[in-house]
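Following: one structure in structure tokens, then a few remarks.
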Amino acid sequence: MNRPPAGRRVFIETWGCQMNELDTQRMTGLLMQQGILPTREVTEADLILLNSCTVREKAEQKVYSRLGEYRLLKRERPGLRIGLCGCVAQQEGERALERVADLDFVLGPARVGEIAALLPRLEAGERVVATGFPAERSYEFDAIARGEDFKGMVTVIEGCDKRCTFCIVPSTRGPERCRPLADVVAEVRHLLAFGFREIELLGQTVNHWRGAGGEDFADLLDAVAPLPGLARLRFMTSFPRDFTPPMIDCFRRHENLCDFLHLPVQSGSDRVLRRMGRGYAIAEYDDLVGRIREARPSVALSTDLIVGFPGETEEDFRQTLGLVERLRFASLFAFRYSPRPGTASVRLDGGVPDDVAQERLQRLLAAQNRIQAGINAGLAGRTFEVLVTGPGREPGRRIGRTSCNRIVHFEASPEAAPAGELVRVQIDRPLPHSLLGTLVGGGAGNPPTAATDLPPRRRLPVLA
Ligand code: SF4
């Protein structure tokens with residue numbers, strides 16, 4: 001096979017959260033405008049980007065070990081350019097260039113929009129560090145190469161002004177910057193005009209969004225949810241203390257607001273929450289969950305938990321287990337505490353030994369698996385509206401997601417359940433992490449009545 005001309009293929013490896021995924025889509029789109037196309041084969045790439053995550057130490061180590069592997073490719077191909085992007089890039093800056101001799105550039109998450117402008121400097125052999133948080137920067141949403149052609153992520157707020165003692169995000173993603181309401185609405189309209197059905201509003205603390213005219217996140221939801229053609233609206237990640245009654249009421253007002261909410265709690269112990277600097281007590285979190293469930297009884301909640309935080313006692317941990325038993329989350333992400341450089345928690349006393357933290361993590365995951373299996377078992381026989389995402393792994397099967405973010409497998413032809421359409425699926429057999437069902441018809445919102453006068457479906461560039 002002929003090799004593509006030099007500088008015409010980019011391979012991007014992405015770790016971490018949806019914010020990083022979206023940054024990858026942005027960089028891909030900007031590079032495509034320069035004629036540089038994405039590839040899944042690292043061996044045919046002329047540009048390799050590692051879009052990194054630094055939330056846990058392990059993720060950071062992985063990035064460095066991957067850089068070590070990629071620099072060997074450079075020995076065979078001196079024209080190859082390698083860039084470190086994402087949160088490790090922001091954290092390491094110049095140090096990364098010193099540590100990895102064959103690294104060509106370091107690009108922080110707030111600078112991804114500058115990727116195309118870097119190219120001539122790289123071609124001239126310059127090694128570049130672009131980090132920090134410029135006050136002014138462009139956000140060309142029409143240049144984003146979307147990951148799917150029916151579900152789009154839209155940034156509404158970047159950075160974070162909170163100071164949770166374990167978290168490195170405020171230093172890697174910078175201070176909070178809110179996008180203007182009109183920009184967010186324009187981007188959502190743009191996606192809907194291309195036939196997108198589901199929109200996910202993104203931000204590190206998405207519900208802390210503020211508009212220039214004093215609007216809050218409830219106002220933003222009120223502006224976006226009624227847009228014609230929008231079948232589903234999600235948002236991620238919410239900070240418990242920033243949830244207001246009008247935001248909760250949005251679950252009553254907007255039917256297309258998904259039956260899903262990710263609400264990180266981090267610990268079930270007030271003592272640990274205080275040491276984490278979270279600014280709420282468990283009674284307040286319990287109360288918030290109660291009010292959200294009252295507004296939308298079908299909502300599926302997910303959360304994040306850290307075990308083995310400095311000073312966490314067995315009693316604190318039992319309170320976390322108690323919280324999980326009491327609130328019965330549909331899913332949770334639990335991790336052992338990982339000390340991050342520059343965060344306040346590294347100075348806290350009472351470090352929990354690794355084996356104790358690991359044992360607690362196992363107990364927590366075992367409890368959650370049992371709870372989740374019980375919740376899923378209760379879904380048998382129910383019918384869900386499913387947004388089809390494409391073919392399943394097994395022949396003849398299709399796959400999709402419910403509004404409550406559960407994965408559903410079902411038998412159907414691509415014609416009966418095309419990707420991007422809403423169909424109705426009855427659940428026959430709940431599996432530990434997904435559901436198996438039978439197609440019983442088109443979805444209620446399929447096609448959405450308000451979207452019938454939209455222009456014919458067009459396609460945006462989609463990542464390979
Ligand atoms: S709210 Fe806390 S955990 Fe979330 S990004 Fe901000 S500092 Fe980190």
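For the structure tokens, the naming scheme is as follows: chains receive sequential letters (A, B, ...) according to their order of presentation, residues are indexed from 1 within each chain, and ligands are indexed from 1 in presentation order.
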- [ ] Enumerate as a PyMOL selection string the residues within 6 Å of ligand 1, counting only C-alpha atoms and all ligand atoms.
- [x] chain A and resi 160+162-164+167+169-170+204-205
Task: Contacts of Ser138 (chain A) at 10 Å (only C-alpha atoms; same-chain gap of 5+ positions) as a ChimeraX atom specification - done: /A:111,113-114
Keeping C-alpha atoms for every residue in the selection just given, could you write it to a file as a tab-separated table (two decimals), in the first residue's frame?
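Saved the output as out30.tsv:
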chain	number	residue	atom	x	y	z
A	111	ARG	CA	-4.90	25.89	23.70
A	113	GLY	CA	-7.77	25.67	19.16
A	114	GLU	CA	-4.18	26.62	18.20
- [ ] Determine which residues of region 79-225 of chain A DSSP labels as strand (DSSP E or B) from the backbone of this structure, then write them out as a VMD selection string.
- [x] chain A and resid 81 to 85 105 to 107 128 to 130 146 151 to 155 157 to 158 177 to 178 198 to 202 210 216
Open item on the list: Between CA of Asp270 (chain A) and CA of Ile282 (chain A), what is the distance in Å, rounded to a tenth?
Closed with: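 Computing it gives 6.0 Å between the two atoms.
Nearest to Ala417 (chain A) of all the residues A:Glu385, A:Asp46, A:Glu140, A:Asp222 is A:Glu385, counting only C-alpha atoms.
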Open item on the list: Which residues are close to Gly396 (chain A), i.e. within 7 Å by only C-alpha atoms, leaving aside same-chain residues fewer than 2 positions away? Reply as JSON, numbers by chain.
Closed with: {"A": [394, 398, 411, 412, 413]}
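Closest approach to Ser331 (chain A) from the set A:Ala357, A:Ala145, A:Val289, A:Leu365 is made by A:Leu365, with distances taken over only C-alpha atoms.
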TODO: Within 10 Å of Ala182 (chain A), counting only C-alpha atoms, which residues show up once you throw out same-chain ones fewer than 4 positions away? Write them as a PyMOL selection string, please.
DONE: chain A and resi 186-188+211+220+223
Open item on the list: Would you pick out the contacts of Ala96 (chain A) at 10 Å or less, using only C-alpha atoms, so that residues sharing its chain but fewer than 6 positions from it are not included, and give the list as a list of chain:residue names?
Closed with: A:Tyr64, A:Leu84, A:Val88, A:Ala89, A:Gln90, A:Leu103, A:Asp104, A:Phe105, A:Val106, A:Val129
Write the selection just made, keeping C-alpha atoms, as a PDB file, in the first residue's frame?
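Below you can see selection17.pdb, which holds the result:
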ATOM      1  CA  TYR A  64       4.838   8.753  29.598  1.00  0.00           C
ATOM      2  CA  LEU A  84       1.484  15.866  24.188  1.00  0.00           C
ATOM      3  CA  VAL A  88      -0.627  16.229  31.580  1.00  0.00           C
ATOM      4  CA  ALA A  89       0.570  18.757  28.985  1.00  0.00           C
ATOM      5  CA  GLN A  90      -0.688  21.647  31.106  1.00  0.00           C
ATOM      6  CA  LEU A 103       8.613  15.081  21.910  1.00  0.00           C
ATOM      7  CA  ASP A 104       7.935  17.977  19.512  1.00  0.00           C
ATOM      8  CA  PHE A 105       5.288  19.982  21.304  1.00  0.00           C
ATOM      9  CA  VAL A 106       3.182  20.363  24.409  1.00  0.00           C
ATOM     10  CA  VAL A 129       5.206  24.670  24.490  1.00  0.00           C
TER      11      VAL A 129
END
